[in-house]
$ cat input07.cif   # mmCIF, C-alpha atoms
data_start
#
loop_
_atom_site.label_atom_id
_atom_site.label_comp_id
_atom_site.auth_asym_id
_atom_site.auth_seq_id
_atom_site.Cartn_x
_atom_site.Cartn_y
_atom_site.Cartn_z
CA MET K 1115 -45.85 6.03 101.72
CA THR K 1116 -47.17 9.12 99.91
CA VAL K 1117 -50.75 10.22 99.25
CA TRP K 1118 -50.34 8.90 95.68
CA HIS K 1119 -49.42 5.44 96.99
CA VAL K 1120 -52.49 5.45 99.23
CA ILE K 1121 -54.72 6.48 96.30
CA LEU K 1122 -53.34 3.90 93.86
CA ILE K 1123 -53.22 0.94 96.27
CA ALA K 1124 -56.76 1.62 97.52
CA SER K 1125 -58.07 2.11 93.96
CA ILE K 1126 -56.58 -1.21 92.85
CA ALA K 1127 -58.07 -2.98 95.88
CA VAL K 1128 -61.54 -1.50 95.31
CA PHE K 1129 -61.43 -2.41 91.60
CA ALA K 1130 -60.26 -5.95 92.41
CA LEU K 1131 -63.34 -6.42 94.61
CA LYS K 1132 -65.62 -5.21 91.81
CA LEU K 1133 -63.92 -7.59 89.38
CA ALA K 1134 -64.00 -10.51 91.82
CA GLY K 1135 -67.76 -10.91 91.53
CA TYR K 1136 -67.47 -11.44 87.76
CA LEU K 1137 -64.79 -14.12 88.19
CA VAL K 1138 -65.88 -16.29 91.12
CA PRO K 1139 -68.83 -18.69 91.06
CA ALA K 1140 -72.01 -16.92 92.16
CA GLN K 1141 -72.86 -19.39 94.94
CA LEU K 1142 -69.83 -18.30 96.96
CA LEU K 1143 -71.08 -14.92 98.18
CA GLU K 1144 -74.79 -15.45 97.57
CA ARG K 1145 -74.89 -17.48 100.77
CA PRO K 1146 -76.60 -15.49 103.55
CA THR K 1147 -73.72 -15.02 106.00
CA PRO K 1148 -71.06 -13.47 103.69
CA ALA K 1149 -73.74 -11.30 102.07
CA ARG K 1150 -74.97 -10.12 105.48
CA VAL K 1151 -71.43 -9.38 106.69
CA ALA K 1152 -70.64 -7.37 103.54
CA ASN K 1153 -73.80 -5.28 103.87
CA LEU K 1154 -73.35 -4.71 107.62
CA LEU K 1155 -69.67 -3.77 107.05
CA THR K 1156 -70.88 -0.89 104.91
CA VAL K 1157 -73.28 0.23 107.63
CA ALA K 1158 -70.70 -0.06 110.45
CA LEU K 1159 -67.96 1.79 108.57
CA LEU K 1160 -70.25 4.61 107.46
CA ALA K 1161 -71.58 4.99 111.02
CA ALA K 1162 -68.06 4.99 112.47
CA LEU K 1163 -66.94 7.54 109.88
CA THR K 1164 -69.96 9.74 110.69
CA ALA K 1165 -69.00 9.61 114.38
CA THR K 1166 -65.30 10.32 113.89
CA GLN K 1167 -65.90 13.10 111.34
CA THR K 1168 -68.32 14.72 113.81
CA LEU K 1169 -66.33 14.38 117.03
CA GLU K 1170 -62.63 13.82 116.30
CA ARG K 1171 -60.15 16.69 116.41
CA ALA K 1172 -56.37 16.22 116.55
CA GLY K 1173 -56.59 12.72 117.98
CA GLY K 1174 -59.10 13.59 120.71
CA LEU K 1175 -62.83 14.20 121.15
CA GLU K 1176 -64.17 17.72 120.66
CA VAL K 1177 -67.74 18.98 120.64
CA ASP K 1178 -67.83 21.94 118.27
CA ALA K 1179 -70.06 23.41 115.53
CA ARG K 1180 -70.04 20.08 113.67
CA VAL K 1181 -72.38 18.50 116.24
CA PRO K 1182 -75.40 20.82 115.73
CA ALA K 1183 -74.71 20.75 111.97
CA VAL K 1184 -74.94 16.94 111.89
CA ILE K 1185 -78.12 17.01 114.01
CA VAL K 1186 -79.67 19.40 111.48
CA ALA K 1187 -78.47 17.08 108.68
CA ALA K 1188 -80.12 14.08 110.37
CA VAL K 1189 -83.45 15.93 110.58
CA LEU K 1190 -83.20 16.94 106.91
CA PHE K 1191 -82.37 13.38 105.79
CA TRP K 1192 -85.33 12.16 107.84
CA LEU K 1193 -87.47 14.70 105.93
CA ARG K 1194 -86.09 13.16 102.68
CA VAL K 1195 -84.29 16.33 101.60
CA PRO K 1196 -81.80 15.51 98.77
CA PHE K 1197 -78.22 14.59 99.70
CA ILE K 1198 -76.46 17.58 98.12
CA VAL K 1199 -78.86 20.09 99.72
CA VAL K 1200 -78.34 18.55 103.17
CA VAL K 1201 -74.54 18.60 102.82
CA ILE K 1202 -74.60 22.29 101.89
CA ALA K 1203 -77.04 23.04 104.73
CA ALA K 1204 -74.73 21.30 107.23
CA ALA K 1205 -71.79 23.42 106.06
CA LEU K 1206 -73.87 26.60 106.36
CA VAL K 1207 -75.07 25.73 109.88
CA ALA K 1208 -71.50 25.07 111.08
CA ALA K 1209 -70.17 28.21 109.39
CA LEU K 1210 -72.97 30.34 110.89
CA ILE K 1211 -72.43 28.97 114.41
CA ARG K 1212 -68.72 29.81 114.12
CA VAL K 1213 -69.39 33.33 112.81
CA LEU K 1214 -71.73 33.90 115.77
CA GLY K 1215 -69.09 32.48 118.10
CA TRP K 1216 -71.47 30.03 119.77
CA LEU K 1217 -69.14 27.04 119.34
CA PRO K 1218 -65.59 26.68 117.97
CA MET Z 1219 -81.97 -13.49 87.71
CA ALA Z 1220 -81.73 -12.89 83.96
CA SER Z 1221 -84.41 -15.47 83.21
CA SER Z 1222 -86.18 -14.87 79.92
CA ASP Z 1223 -89.52 -13.17 80.31
CA PRO Z 1224 -92.26 -14.08 77.81
CA HIS Z 1225 -93.76 -10.59 78.18
CA SER Z 1226 -90.47 -8.88 77.28
CA THR Z 1227 -90.94 -6.15 74.71
CA PRO Z 1228 -88.64 -3.49 73.24
CA ASP Z 1229 -90.67 -0.92 75.22
CA ALA Z 1230 -89.10 -2.28 78.41
CA THR Z 1231 -86.01 -0.14 77.77
CA GLY Z 1232 -87.96 3.12 78.15
CA PRO Z 1233 -88.49 2.93 81.93
CA ALA Z 1234 -84.93 1.62 82.34
CA VAL Z 1235 -83.45 4.64 80.54
CA ARG Z 1236 -85.66 7.04 82.50
CA ALA Z 1237 -84.66 5.48 85.83
CA ALA Z 1238 -81.00 5.48 84.81
CA LEU Z 1239 -81.02 9.16 83.84
CA GLY Z 1240 -82.91 10.22 86.98
CA VAL Z 1241 -80.66 8.33 89.38
CA GLY Z 1242 -77.52 9.09 87.37
CA LEU Z 1243 -77.97 12.84 87.24
CA ALA Z 1244 -78.95 13.10 90.92
CA VAL Z 1245 -75.97 11.04 92.07
CA SER Z 1246 -73.53 12.87 89.80
CA ALA Z 1247 -74.22 16.02 91.82
CA TYR Z 1248 -72.60 14.38 94.88
CA GLY Z 1249 -69.31 14.60 93.00
CA VAL Z 1250 -69.16 18.32 93.77
CA SER Z 1251 -69.18 17.62 97.49
CA PHE Z 1252 -66.60 14.84 97.07
CA GLY Z 1253 -64.24 17.05 95.04
CA ALA Z 1254 -64.49 19.95 97.48
CA LEU Z 1255 -64.03 17.73 100.55
CA ALA Z 1256 -61.10 15.85 98.96
CA VAL Z 1257 -59.23 19.11 98.48
CA ALA Z 1258 -60.21 20.21 101.99
CA SER Z 1259 -58.69 16.93 103.25
CA GLY Z 1260 -55.31 17.84 101.81
CA LEU Z 1261 -55.48 16.22 98.36
CA ASP Z 1262 -54.66 18.26 95.28
CA VAL Z 1263 -57.06 18.60 92.34
CA TRP Z 1264 -55.31 15.82 90.38
CA GLN Z 1265 -55.48 13.38 93.27
CA ALA Z 1266 -59.20 14.05 93.74
CA CYS Z 1267 -59.82 13.43 90.03
CA VAL Z 1268 -57.69 10.27 89.88
CA LEU Z 1269 -59.66 8.86 92.82
CA SER Z 1270 -62.96 9.40 91.00
CA LEU Z 1271 -61.58 7.95 87.73
CA PHE Z 1272 -59.89 4.87 89.21
CA MET Z 1273 -61.69 4.07 92.46
CA PHE Z 1274 -65.17 5.21 91.35
CA SER Z 1275 -67.08 4.13 94.45
CA GLY Z 1276 -68.50 6.99 96.51
CA GLY Z 1277 -68.40 5.41 99.96
CA SER Z 1278 -64.81 4.18 99.55
CA GLN Z 1279 -63.67 7.53 98.19
CA PHE Z 1280 -65.24 9.48 101.06
CA ALA Z 1281 -63.74 6.99 103.55
CA LEU Z 1282 -60.26 7.39 102.08
CA ILE Z 1283 -60.28 11.18 102.29
CA GLY Z 1284 -61.99 11.11 105.70
CA VAL Z 1285 -59.25 8.99 107.27
CA LEU Z 1286 -56.50 10.96 105.51
CA ALA Z 1287 -58.07 14.20 106.77
CA SER Z 1288 -57.79 13.10 110.40
CA GLY Z 1289 -54.54 11.12 110.29
CA GLY Z 1290 -52.58 12.31 107.26
CA VAL Z 1291 -50.28 9.95 105.35
CA ALA Z 1292 -49.41 8.21 108.64
CA ALA Z 1293 -52.97 6.86 108.57
CA GLY Z 1294 -52.44 5.63 104.97
CA PRO Z 1295 -52.79 1.91 105.77
CA ALA Z 1296 -55.99 2.57 107.75
CA ALA Z 1297 -57.31 4.73 104.89
CA ILE Z 1298 -56.62 1.94 102.37
CA THR Z 1299 -58.24 -0.68 104.61
CA SER Z 1300 -61.35 1.45 105.27
CA ALA Z 1301 -61.83 2.14 101.56
CA THR Z 1302 -61.33 -1.53 100.69
CA LEU Z 1303 -63.75 -2.83 103.35
CA LEU Z 1304 -66.37 -0.32 102.19
CA GLY Z 1305 -65.87 -1.66 98.66
CA ALA Z 1306 -66.62 -5.24 99.74
CA ARG Z 1307 -70.32 -4.84 98.91
CA ASN Z 1308 -69.37 -4.14 95.28
CA ALA Z 1309 -68.28 -7.78 95.02
CA LEU Z 1310 -71.85 -8.78 95.91
CA TYR Z 1311 -73.19 -6.41 93.28
CA SER Z 1312 -70.87 -7.72 90.55
CA MET Z 1313 -71.93 -11.27 91.40
CA ARG Z 1314 -75.54 -10.18 90.94
CA MET Z 1315 -74.71 -8.34 87.68
CA SER Z 1316 -72.50 -11.07 86.17
CA PRO Z 1317 -75.31 -13.06 84.45
CA ILE Z 1318 -76.96 -9.80 83.27
CA VAL Z 1319 -73.79 -8.32 81.74
CA GLY Z 1320 -72.48 -11.50 80.14
CA GLY Z 1321 -70.38 -11.10 77.02
CA PRO Z 1322 -66.61 -11.14 76.42
CA TRP Z 1323 -63.95 -10.42 79.07
CA TRP Z 1324 -63.37 -6.79 78.04
CA LYS Z 1325 -67.06 -6.04 78.48
CA ARG Z 1326 -66.91 -7.47 82.00
CA LEU Z 1327 -63.82 -5.36 82.71
CA VAL Z 1328 -65.68 -2.12 81.92
CA ALA Z 1329 -68.77 -3.44 83.69
CA ALA Z 1330 -66.68 -4.14 86.80
CA GLN Z 1331 -65.57 -0.50 87.05
CA TRP Z 1332 -69.18 0.65 86.71
CA THR Z 1333 -70.60 -1.84 89.22
CA ILE Z 1334 -71.71 0.39 92.09
CA ASP Z 1335 -74.75 0.88 94.33
CA GLU Z 1336 -76.75 2.86 91.80
CA SER Z 1337 -76.12 0.88 88.59
CA THR Z 1338 -76.96 -2.35 90.42
CA ALA Z 1339 -80.06 -0.86 92.02
CA VAL Z 1340 -81.46 0.49 88.73
CA ALA Z 1341 -80.65 -2.74 86.86
CA THR Z 1342 -82.17 -5.13 89.37
CA ALA Z 1343 -85.33 -3.00 89.61
CA GLN Z 1344 -86.12 -3.63 85.91
CA PRO Z 1345 -88.57 -6.44 85.13
CA THR Z 1346 -87.02 -7.68 81.86
CA PRO Z 1347 -83.47 -8.90 81.03
CA ARG Z 1348 -83.16 -6.27 78.29
CA GLY Z 1349 -84.28 -3.53 80.72
CA GLN Z 1350 -81.76 -4.78 83.27
CA GLN Z 1351 -78.91 -4.54 80.77
CA VAL Z 1352 -79.93 -1.08 79.57
CA GLY Z 1353 -80.48 0.10 83.15
CA PHE Z 1354 -77.03 -1.08 84.21
CA TRP Z 1355 -75.04 0.38 81.30
CA VAL Z 1356 -76.87 3.72 81.06
CA THR Z 1357 -76.70 4.32 84.83
CA GLY Z 1358 -73.01 3.34 84.91
CA ALA Z 1359 -72.13 5.58 81.95
CA VAL Z 1360 -74.11 8.61 83.14
CA ILE Z 1361 -72.66 8.43 86.65
CA TYR Z 1362 -69.10 7.75 85.47
CA VAL Z 1363 -69.11 10.84 83.25
CA GLY Z 1364 -71.10 13.00 85.67
CA TRP Z 1365 -69.23 11.97 88.82
CA ASN Z 1366 -65.84 12.72 87.25
CA LEU Z 1367 -66.90 16.09 85.81
CA THR Z 1368 -68.46 17.21 89.09
CA THR Z 1369 -65.45 15.96 91.08
CA LEU Z 1370 -63.24 18.26 89.00
CA LEU Z 1371 -65.69 21.12 89.52
CA GLY Z 1372 -65.84 20.50 93.28
CA ALA Z 1373 -62.06 20.18 93.57
CA LEU Z 1374 -61.55 23.50 91.77
CA LEU Z 1375 -64.16 25.14 94.03
CA GLY Z 1376 -62.54 23.56 97.10
CA ASP Z 1377 -59.20 24.95 95.98
CA LEU Z 1378 -60.66 28.46 96.13
CA VAL Z 1379 -61.88 27.90 99.70
CA GLY Z 1380 -58.93 28.49 101.97
CA ASP Z 1381 -60.09 27.76 105.51
CA VAL Z 1382 -61.97 24.47 105.73
CA ARG Z 1383 -63.59 25.16 109.09
CA GLN Z 1384 -64.63 28.72 108.31
CA TYR Z 1385 -66.94 27.43 105.57
CA GLY Z 1386 -68.10 24.45 107.60
CA LEU Z 1387 -66.61 21.89 105.21
CA ASP Z 1388 -65.67 19.65 108.14
CA ALA Z 1389 -69.35 19.48 109.11
CA ALA Z 1390 -70.26 18.87 105.46
CA ALA Z 1391 -67.99 15.78 105.47
CA ALA Z 1392 -69.75 14.38 108.55
CA ALA Z 1393 -73.15 15.07 106.96
CA ALA Z 1394 -72.02 13.31 103.76
CA PHE Z 1395 -71.23 10.10 105.67
CA LEU Z 1396 -74.59 10.32 107.43
CA GLY Z 1397 -76.25 10.71 104.02
CA LEU Z 1398 -74.54 7.60 102.65
CA LEU Z 1399 -75.58 5.70 105.79
CA TRP Z 1400 -79.19 6.90 106.01
CA PRO Z 1401 -80.82 4.82 103.22
CA ARG Z 1402 -79.31 1.64 104.70
CA LEU Z 1403 -81.07 2.02 108.08
CA THR Z 1404 -84.16 0.15 106.97
CA ALA Z 1405 -84.32 -2.67 109.55
CA ARG Z 1406 -83.49 -3.31 113.20
CA GLN Z 1407 -80.21 -5.12 112.51
CA PRO Z 1408 -78.48 -2.35 110.49
CA ILE Z 1409 -79.75 0.29 112.96
CA VAL Z 1410 -78.27 -1.62 115.92
CA VAL Z 1411 -74.99 -2.12 114.05
CA ALA Z 1412 -74.82 1.58 113.09
CA VAL Z 1413 -75.40 2.78 116.66
CA ALA Z 1414 -72.93 0.27 118.14
CA ALA Z 1415 -70.27 1.05 115.52
CA GLY Z 1416 -70.66 4.78 116.12
CA VAL Z 1417 -70.31 4.33 119.89
CA VAL Z 1418 -67.28 1.99 119.56
CA ALA Z 1419 -65.50 4.39 117.20
CA THR Z 1420 -66.22 7.39 119.45
CA LEU Z 1421 -64.97 5.66 122.61
CA LEU Z 1422 -61.76 4.59 120.85
CA ILE Z 1423 -60.92 8.02 119.34
CA PRO Z 1424 -58.88 9.22 122.38
CA VAL Z 1425 -57.14 5.84 122.75
CA LEU Z 1426 -56.11 4.75 119.23
CA PRO Z 1427 -54.35 6.52 116.33
CA PRO Z 1428 -56.57 8.19 113.66
CA GLY Z 1429 -58.26 5.75 111.30
CA ILE Z 1430 -58.01 2.74 113.62
CA PRO Z 1431 -61.26 3.44 115.58
CA VAL Z 1432 -63.15 3.15 112.26
CA LEU Z 1433 -61.59 -0.24 111.54
CA ALA Z 1434 -62.29 -1.43 115.09
CA ALA Z 1435 -65.96 -0.51 114.60
CA ALA Z 1436 -66.03 -2.82 111.55
CA LEU Z 1437 -65.68 -5.74 113.98
CA VAL Z 1438 -69.23 -4.97 115.17
CA ALA Z 1439 -70.48 -5.79 111.67
CA ILE Z 1440 -68.47 -9.00 111.47
CA VAL Z 1441 -69.70 -10.25 114.86
CA VAL Z 1442 -73.36 -9.34 114.24
CA GLY Z 1443 -73.17 -10.58 110.64
CA ILE Z 1444 -71.83 -14.01 111.55
CA THR Z 1445 -74.08 -14.58 114.57
CA ASN Z 1446 -77.08 -12.87 112.91
CA LEU Z 1447 -77.91 -11.12 116.18
CA PHE Z 1448 -80.95 -8.82 115.96
CA GLY Z 1449 -81.71 -10.32 112.54
CA GLN Z 1450 -85.06 -11.49 111.28
CA ARG Z 1451 -85.20 -14.84 109.51
CA ALA Z 1452 -82.13 -16.12 107.74
CA THR Z 1453 -83.00 -15.32 104.14
#

$ encode --input "input07.cif" --output "structure tokens"
Amino acid sequence: MTVWHVILIASIAVFALKLAGYLVPAQLLERPTPARVANLLTVALLAALTATQTLERAGGLEVDARVPAVIVAAVLFWLRVPFIVVVIAAALVAALIRVLGWLP
Amino acid sequence: MASSDPHSTPDATGPAVRAALGVGLAVSAYGVSFGALAVASGLDVWQACVLSLFMFSGGSQFALIGVLASGGVAAGPAAITSATLLGARNALYSMRMSPIVGGPWWKRLVAAQWTIDESTAVATAQPTPRGQQVGFWVTGAVIYVGWNLTTLLGALLGDLVGDVRQYGLDAAAAAAFLGLLWPRLTARQPIVVAVAAGVVATLLIPVLPPGIPVLAAALVAIVVGITNLFGQRAT
């Protein structure tokens, strides 16, 4: 499996899901349980990805400059600062902490 | 949803276009961060651009590059599964948009590719059927063009940046996921699921191969979703 395979297979799967809603009868997923599971899946995966992107390094846990950067990002999101500004701010915080040698 | 409204007037398209342009332009800017992070994750500029053209769903795209960044091609199956599961909500959106879009099969095919969080949100916020249609198509078109252009820009910028960690791009990726998550934490149930999923994934990082802790955390959503734990009324 190459990166191209991963990209194409995943793209086809994501498109198939988008198309599915136009093909199946609306009652199927409008029922509360499947709708709730689909919405909570999004929340769980994004939360898990936030955690792993913040703490994972080479298959283990590592607390480094990403942790304070994500804490700053959380505060900025709470203050309703726009997405792109927060992402740049998080990068700057991590880069600064590394330049100062406070955390790896 | 697309019931005919006796108060419907041609003016109803004005607010729809304004909402579509506002949301579309703001969201398009995220493409820069996606392009840069995709390249930082080991993709080349072409691969980043093909993802935005073909997959065109921010959460799924970020998930794919996030898992590939930590596990490489060996984590390919986990990357595909994460991206696909994150795309499951698009099926709900397309079901909601189906009566609004209508029309022949080829129109639905284009509509399907443009059925994402933002186009659905703008469309369903419009009071009239005409406004809903305009809101959907204008938002979809603006974001499709903008997202792909800014992905290319971000990928080219990312290519110039050699060391990912030196510029804090790894922290930017984590912040991007938090930013996609944040607007969804509006009630007790999603907050509980988010915290539990984050804890489960973190605890499993040292035990399981890269990408699998994220999938394991998805089980939290399935269990809570089916049992409706911490939910309000069943609506």

$ atom_distance --input "input07.cif" --atom1 "CA of Gly1240 (chain Z)" --atom2 "CA of Leu1367 (chain Z)"
17.1 Å

$ residues_near_point --input "input07.cif" --point "(-68.7, 4.2, 85.2)" --cutoff "12 Å" --atoms "all atoms listed in the file" --output "PDB file with C-alpha atoms, keeping the file's coordinate frame"
ATOM      1  CA  PHE K1129     -61.430  -2.410  91.600  1.00  0.00           C
ATOM      2  CA  LYS K1132     -65.620  -5.210  91.810  1.00  0.00           C
TER       3      LYS K1132
ATOM      4  CA  GLY Z1242     -77.520   9.090  87.370  1.00  0.00           C
ATOM      5  CA  SER Z1246     -73.530  12.870  89.800  1.00  0.00           C
ATOM      6  CA  SER Z1270     -62.960   9.400  91.000  1.00  0.00           C
ATOM      7  CA  LEU Z1271     -61.580   7.950  87.730  1.00  0.00           C
ATOM      8  CA  PHE Z1272     -59.890   4.870  89.210  1.00  0.00           C
ATOM      9  CA  MET Z1273     -61.690   4.070  92.460  1.00  0.00           C
ATOM     10  CA  PHE Z1274     -65.170   5.210  91.350  1.00  0.00           C
ATOM     11  CA  SER Z1275     -67.080   4.130  94.450  1.00  0.00           C
ATOM     12  CA  GLY Z1276     -68.500   6.990  96.510  1.00  0.00           C
ATOM     13  CA  LEU Z1327     -63.820  -5.360  82.710  1.00  0.00           C
ATOM     14  CA  VAL Z1328     -65.680  -2.120  81.920  1.00  0.00           C
ATOM     15  CA  ALA Z1329     -68.770  -3.440  83.690  1.00  0.00           C
ATOM     16  CA  ALA Z1330     -66.680  -4.140  86.800  1.00  0.00           C
ATOM     17  CA  GLN Z1331     -65.570  -0.500  87.050  1.00  0.00           C
ATOM     18  CA  TRP Z1332     -69.180   0.650  86.710  1.00  0.00           C
ATOM     19  CA  THR Z1333     -70.600  -1.840  89.220  1.00  0.00           C
ATOM     20  CA  ILE Z1334     -71.710   0.390  92.090  1.00  0.00           C
ATOM     21  CA  ASP Z1335     -74.750   0.880  94.330  1.00  0.00           C
ATOM     22  CA  GLU Z1336     -76.750   2.860  91.800  1.00  0.00           C
ATOM     23  CA  SER Z1337     -76.120   0.880  88.590  1.00  0.00           C
ATOM     24  CA  THR Z1338     -76.960  -2.350  90.420  1.00  0.00           C
ATOM     25  CA  PHE Z1354     -77.030  -1.080  84.210  1.00  0.00           C
ATOM     26  CA  TRP Z1355     -75.040   0.380  81.300  1.00  0.00           C
ATOM     27  CA  VAL Z1356     -76.870   3.720  81.060  1.00  0.00           C
ATOM     28  CA  THR Z1357     -76.700   4.320  84.830  1.00  0.00           C
ATOM     29  CA  GLY Z1358     -73.010   3.340  84.910  1.00  0.00           C
ATOM     30  CA  ALA Z1359     -72.130   5.580  81.950  1.00  0.00           C
ATOM     31  CA  VAL Z1360     -74.110   8.610  83.140  1.00  0.00           C
ATOM     32  CA  ILE Z1361     -72.660   8.430  86.650  1.00  0.00           C
ATOM     33  CA  TYR Z1362     -69.100   7.750  85.470  1.00  0.00           C
ATOM     34  CA  VAL Z1363     -69.110  10.840  83.250  1.00  0.00           C
ATOM     35  CA  GLY Z1364     -71.100  13.000  85.670  1.00  0.00           C
ATOM     36  CA  TRP Z1365     -69.230  11.970  88.820  1.00  0.00           C
ATOM     37  CA  ASN Z1366     -65.840  12.720  87.250  1.00  0.00           C
TER      38      ASN Z1366
END

$ residues_around --input "input07.cif" --residues "Ala1134 (chain K)" --least-positions-apart "4" --cutoff "7 Å" --atoms "only C-alpha atoms" --output "PyMOL selection string"
(chain K and resi 1130+1138) or (chain Z and resi 1309)

$ resolve_selection --input "input07.cif" --expression "the PyMOL selection byres ((chain K) within 7 of (chain Z))" --output "ChimeraX atom specification"
/K:1115-1117,1120-1121,1124-1125,1127-1129,1131-1136,1140,1143,1146-1147,1149-1168,1170,1173-1175,1180,1183-1184,1187,1191,1197-1198,1201-1202,1204-1206,1208-1209

$ write_last_selection --input "input07.cif" --atoms "C-alpha atoms" --output "mmCIF file, in the frame of the given file"
data_model
loop_
_atom_site.group_PDB
_atom_site.id
_atom_site.type_symbol
_atom_site.label_atom_id
_atom_site.label_comp_id
_atom_site.auth_asym_id
_atom_site.auth_seq_id
_atom_site.Cartn_x
_atom_site.Cartn_y
_atom_site.Cartn_z
ATOM 1 C CA MET K 1115 -45.850 6.030 101.720
ATOM 2 C CA THR K 1116 -47.170 9.120 99.910
ATOM 3 C CA VAL K 1117 -50.750 10.220 99.250
ATOM 4 C CA VAL K 1120 -52.490 5.450 99.230
ATOM 5 C CA ILE K 1121 -54.720 6.480 96.300
ATOM 6 C CA ALA K 1124 -56.760 1.620 97.520
ATOM 7 C CA SER K 1125 -58.070 2.110 93.960
ATOM 8 C CA ALA K 1127 -58.070 -2.980 95.880
ATOM 9 C CA VAL K 1128 -61.540 -1.500 95.310
ATOM 10 C CA PHE K 1129 -61.430 -2.410 91.600
ATOM 11 C CA LEU K 1131 -63.340 -6.420 94.610
ATOM 12 C CA LYS K 1132 -65.620 -5.210 91.810
ATOM 13 C CA LEU K 1133 -63.920 -7.590 89.380
ATOM 14 C CA ALA K 1134 -64.000 -10.510 91.820
ATOM 15 C CA GLY K 1135 -67.760 -10.910 91.530
ATOM 16 C CA TYR K 1136 -67.470 -11.440 87.760
ATOM 17 C CA ALA K 1140 -72.010 -16.920 92.160
ATOM 18 C CA LEU K 1143 -71.080 -14.920 98.180
ATOM 19 C CA PRO K 1146 -76.600 -15.490 103.550
ATOM 20 C CA THR K 1147 -73.720 -15.020 106.000
ATOM 21 C CA ALA K 1149 -73.740 -11.300 102.070
ATOM 22 C CA ARG K 1150 -74.970 -10.120 105.480
ATOM 23 C CA VAL K 1151 -71.430 -9.380 106.690
ATOM 24 C CA ALA K 1152 -70.640 -7.370 103.540
ATOM 25 C CA ASN K 1153 -73.800 -5.280 103.870
ATOM 26 C CA LEU K 1154 -73.350 -4.710 107.620
ATOM 27 C CA LEU K 1155 -69.670 -3.770 107.050
ATOM 28 C CA THR K 1156 -70.880 -0.890 104.910
ATOM 29 C CA VAL K 1157 -73.280 0.230 107.630
ATOM 30 C CA ALA K 1158 -70.700 -0.060 110.450
ATOM 31 C CA LEU K 1159 -67.960 1.790 108.570
ATOM 32 C CA LEU K 1160 -70.250 4.610 107.460
ATOM 33 C CA ALA K 1161 -71.580 4.990 111.020
ATOM 34 C CA ALA K 1162 -68.060 4.990 112.470
ATOM 35 C CA LEU K 1163 -66.940 7.540 109.880
ATOM 36 C CA THR K 1164 -69.960 9.740 110.690
ATOM 37 C CA ALA K 1165 -69.000 9.610 114.380
ATOM 38 C CA THR K 1166 -65.300 10.320 113.890
ATOM 39 C CA GLN K 1167 -65.900 13.100 111.340
ATOM 40 C CA THR K 1168 -68.320 14.720 113.810
ATOM 41 C CA GLU K 1170 -62.630 13.820 116.300
ATOM 42 C CA GLY K 1173 -56.590 12.720 117.980
ATOM 43 C CA GLY K 1174 -59.100 13.590 120.710
ATOM 44 C CA LEU K 1175 -62.830 14.200 121.150
ATOM 45 C CA ARG K 1180 -70.040 20.080 113.670
ATOM 46 C CA ALA K 1183 -74.710 20.750 111.970
ATOM 47 C CA VAL K 1184 -74.940 16.940 111.890
ATOM 48 C CA ALA K 1187 -78.470 17.080 108.680
ATOM 49 C CA PHE K 1191 -82.370 13.380 105.790
ATOM 50 C CA PHE K 1197 -78.220 14.590 99.700
ATOM 51 C CA ILE K 1198 -76.460 17.580 98.120
ATOM 52 C CA VAL K 1201 -74.540 18.600 102.820
ATOM 53 C CA ILE K 1202 -74.600 22.290 101.890
ATOM 54 C CA ALA K 1204 -74.730 21.300 107.230
ATOM 55 C CA ALA K 1205 -71.790 23.420 106.060
ATOM 56 C CA LEU K 1206 -73.870 26.600 106.360
ATOM 57 C CA ALA K 1208 -71.500 25.070 111.080
ATOM 58 C CA ALA K 1209 -70.170 28.210 109.390
#

$ atom_distance --input "input07.cif" --atom1 "CA of Leu1371 (chain Z)" --atom2 "CA of Leu1122 (chain K)"
21.6 Å

$ atom_distance --input "input07.cif" --atom1 "CA of Pro1345 (chain Z)" --atom2 "CA of Leu1137 (chain K)"
25.2 Å
